[in-house]
Amino acid sequence: MSVEKNLSLLDDMLASYNARDWGRFRELFAESALMHEPGMDPYRGREAILKSYRGMLSAFPDAHMEKTHAFGQLDWACAMITAKGTNKGPLPGSGGQSTPPTNKTIKVELVTLTKIRDGKIIECHEVFDRLGMLAQLGLG
């Protein structure tokens with residue numbers, strides 16, 4: 001696929017997330033896609049990726065993501081994203097523990113780096129300032 005089509009796939013990912021169109025979101029990932037997130041072991045599979053994204057909505061039900069910058073090279077596409085949301089539900093933590101909602105609104109910059117093959121995301125690396133997010137919630 002061309003770099004332009006790969007960047008368009010990232011746009012589709014954000015649009016389907018913001019619309020809560022989970023069927024479309026799911027189909028953007030290869031069956032065995034690999035996900036890397038801060039503070040977690042990498043995990044594999046589009047169902048696990050979908051579960052992770054939907055899980056964040058239990059903590060931030062009004063979450064919305066907006067792309068601010070993007071570029072690509074060969075089969076890689078990268079986007080800078082601003083994520084906003086209000087912490088209305090328990091925030092998942094390590095060891096199966098959770099933190100009660102703070103009802104505070106956050107604004108977090110994140111970077112997603114995706115590898116795309118045959119029109120599907122096969123690998124995704126997401127990086128964001130977790131400590132900054134916790135500070136905005138009054139937890140850090």
# chains A, B, ... in the order shown; residues from 1 in each chain; ligands from 1
$ residues_around --residues "Met80 in chain A" --least-positions-apart "6" --cutoff "12 Å" --atoms "only C-alpha atoms" --output "PyMOL selection string"
chain A and resi 7+10-11+14+65-72+108-114+126-128
$ residues_around --residues "range 29-43 of chain A" --least-positions-apart "4" --cutoff "8 Å" --atoms "only C-alpha atoms" --output "number ranges by chain"
A: 25, 47-49, 120-128, 130
$ select_by_dssp --residues "chain A" --states "helix (DSSP H, G or I)" --output "ChimeraX atom specification"
/A:3-19,22-27,46-59,94-96,130-136
$ residues_around --residues "Gly138 in chain A" --least-positions-apart "2" --cutoff "12 Å" --atoms "only C-alpha atoms" --output "number ranges by chain"
A: 87, 99-106, 131-136, 140
$ residues_around --residues "Asp21 in chain A" --least-positions-apart "6" --cutoff "12 Å" --atoms "only C-alpha atoms" --output "ChimeraX atom specification"
/A:12-15,27-28,50,53-54
$ atom_distance --atom1 "CA of Leu57 in chain A" --atom2 "CA of Lys107 in chain A"
14.7 Å
$ select_by_dssp --residues "chain A" --states "strand (DSSP E)" --output "number ranges by chain"
A: 29-36, 43-44, 64-73, 76-86, 91-92, 98-99, 105-117, 120-128
$ write_last_selection --atoms "C-alpha atoms" --output "PDB file, in the first residue's frame"
ATOM      1  CA  PHE A  29      -6.284  -4.940  12.548  1.00  0.00           C
ATOM      2  CA  ALA A  30      -4.872  -8.229  11.304  1.00  0.00           C
ATOM      3  CA  GLU A  31      -6.079 -11.278  13.232  1.00  0.00           C
ATOM      4  CA  SER A  32      -2.661 -11.716  14.883  1.00  0.00           C
ATOM      5  CA  ALA A  33      -1.722  -8.020  15.238  1.00  0.00           C
ATOM      6  CA  LEU A  34       0.882  -7.234  17.898  1.00  0.00           C
ATOM      7  CA  MET A  35       0.324  -4.342  20.351  1.00  0.00           C
ATOM      8  CA  HIS A  36       2.883  -2.548  22.516  1.00  0.00           C
ATOM      9  CA  TYR A  43       0.050  -8.700  23.493  1.00  0.00           C
ATOM     10  CA  ARG A  44      -1.299 -10.196  20.313  1.00  0.00           C
ATOM     11  CA  HIS A  64     -12.072  11.378  21.955  1.00  0.00           C
ATOM     12  CA  MET A  65      -8.876  11.245  19.881  1.00  0.00           C
ATOM     13  CA  GLU A  66      -7.726  13.742  17.272  1.00  0.00           C
ATOM     14  CA  LYS A  67      -4.727  13.457  14.969  1.00  0.00           C
ATOM     15  CA  THR A  68      -2.460  16.510  14.988  1.00  0.00           C
ATOM     16  CA  HIS A  69       0.452  15.263  12.836  1.00  0.00           C
ATOM     17  CA  ALA A  70       1.178  12.181  10.750  1.00  0.00           C
ATOM     18  CA  PHE A  71       3.810  10.818   8.423  1.00  0.00           C
ATOM     19  CA  GLY A  72       4.734   7.505   6.902  1.00  0.00           C
ATOM     20  CA  GLN A  73       7.535   5.587   5.269  1.00  0.00           C
ATOM     21  CA  TRP A  76       5.015   2.250   8.621  1.00  0.00           C
ATOM     22  CA  ALA A  77       2.681   5.100   9.568  1.00  0.00           C
ATOM     23  CA  CYS A  78       3.064   7.356  12.601  1.00  0.00           C
ATOM     24  CA  ALA A  79       0.613   9.828  14.121  1.00  0.00           C
ATOM     25  CA  MET A  80       0.695  12.320  16.980  1.00  0.00           C
ATOM     26  CA  ILE A  81      -2.705  12.254  18.653  1.00  0.00           C
ATOM     27  CA  THR A  82      -4.388  14.382  21.294  1.00  0.00           C
ATOM     28  CA  ALA A  83      -6.666  12.305  23.513  1.00  0.00           C
ATOM     29  CA  LYS A  84      -9.200  13.928  25.816  1.00  0.00           C
ATOM     30  CA  GLY A  85     -11.653  12.452  28.271  1.00  0.00           C
ATOM     31  CA  THR A  86     -13.230  12.661  31.707  1.00  0.00           C
ATOM     32  CA  LEU A  91      -9.007   3.347  36.149  1.00  0.00           C
ATOM     33  CA  PRO A  92      -7.427  -0.085  35.582  1.00  0.00           C
ATOM     34  CA  SER A  98      -8.225  -0.152  39.987  1.00  0.00           C
ATOM     35  CA  THR A  99      -8.417   3.465  41.128  1.00  0.00           C
ATOM     36  CA  THR A 105     -10.735  15.766  32.574  1.00  0.00           C
ATOM     37  CA  ILE A 106      -7.428  14.919  30.941  1.00  0.00           C
ATOM     38  CA  LYS A 107      -5.670  15.941  27.752  1.00  0.00           C
ATOM     39  CA  VAL A 108      -2.837  13.612  26.767  1.00  0.00           C
ATOM     40  CA  GLU A 109      -0.555  13.616  23.745  1.00  0.00           C
ATOM     41  CA  LEU A 110       0.243  10.182  22.398  1.00  0.00           C
ATOM     42  CA  VAL A 111       2.151   8.725  19.495  1.00  0.00           C
ATOM     43  CA  THR A 112       1.062   5.652  17.617  1.00  0.00           C
ATOM     44  CA  LEU A 113       3.462   3.899  15.274  1.00  0.00           C
ATOM     45  CA  THR A 114       1.839   1.250  13.112  1.00  0.00           C
ATOM     46  CA  LYS A 115       3.111  -1.289  10.637  1.00  0.00           C
ATOM     47  CA  ILE A 116       0.634  -2.063   7.888  1.00  0.00           C
ATOM     48  CA  ARG A 117       0.533  -5.016   5.530  1.00  0.00           C
ATOM     49  CA  LYS A 120      -4.333  -4.230   7.942  1.00  0.00           C
ATOM     50  CA  ILE A 121      -2.434  -3.073  11.001  1.00  0.00           C
ATOM     51  CA  ILE A 122      -0.056  -5.894  11.915  1.00  0.00           C
ATOM     52  CA  GLU A 123       1.893  -4.117  14.667  1.00  0.00           C
ATOM     53  CA  CYS A 124       1.189  -1.070  16.792  1.00  0.00           C
ATOM     54  CA  HIS A 125       3.332   0.804  19.299  1.00  0.00           C
ATOM     55  CA  GLU A 126       1.605   3.428  21.447  1.00  0.00           C
ATOM     56  CA  VAL A 127       3.546   5.795  23.675  1.00  0.00           C
ATOM     57  CA  PHE A 128       2.132   8.438  26.002  1.00  0.00           C
TER      58      PHE A 128
END
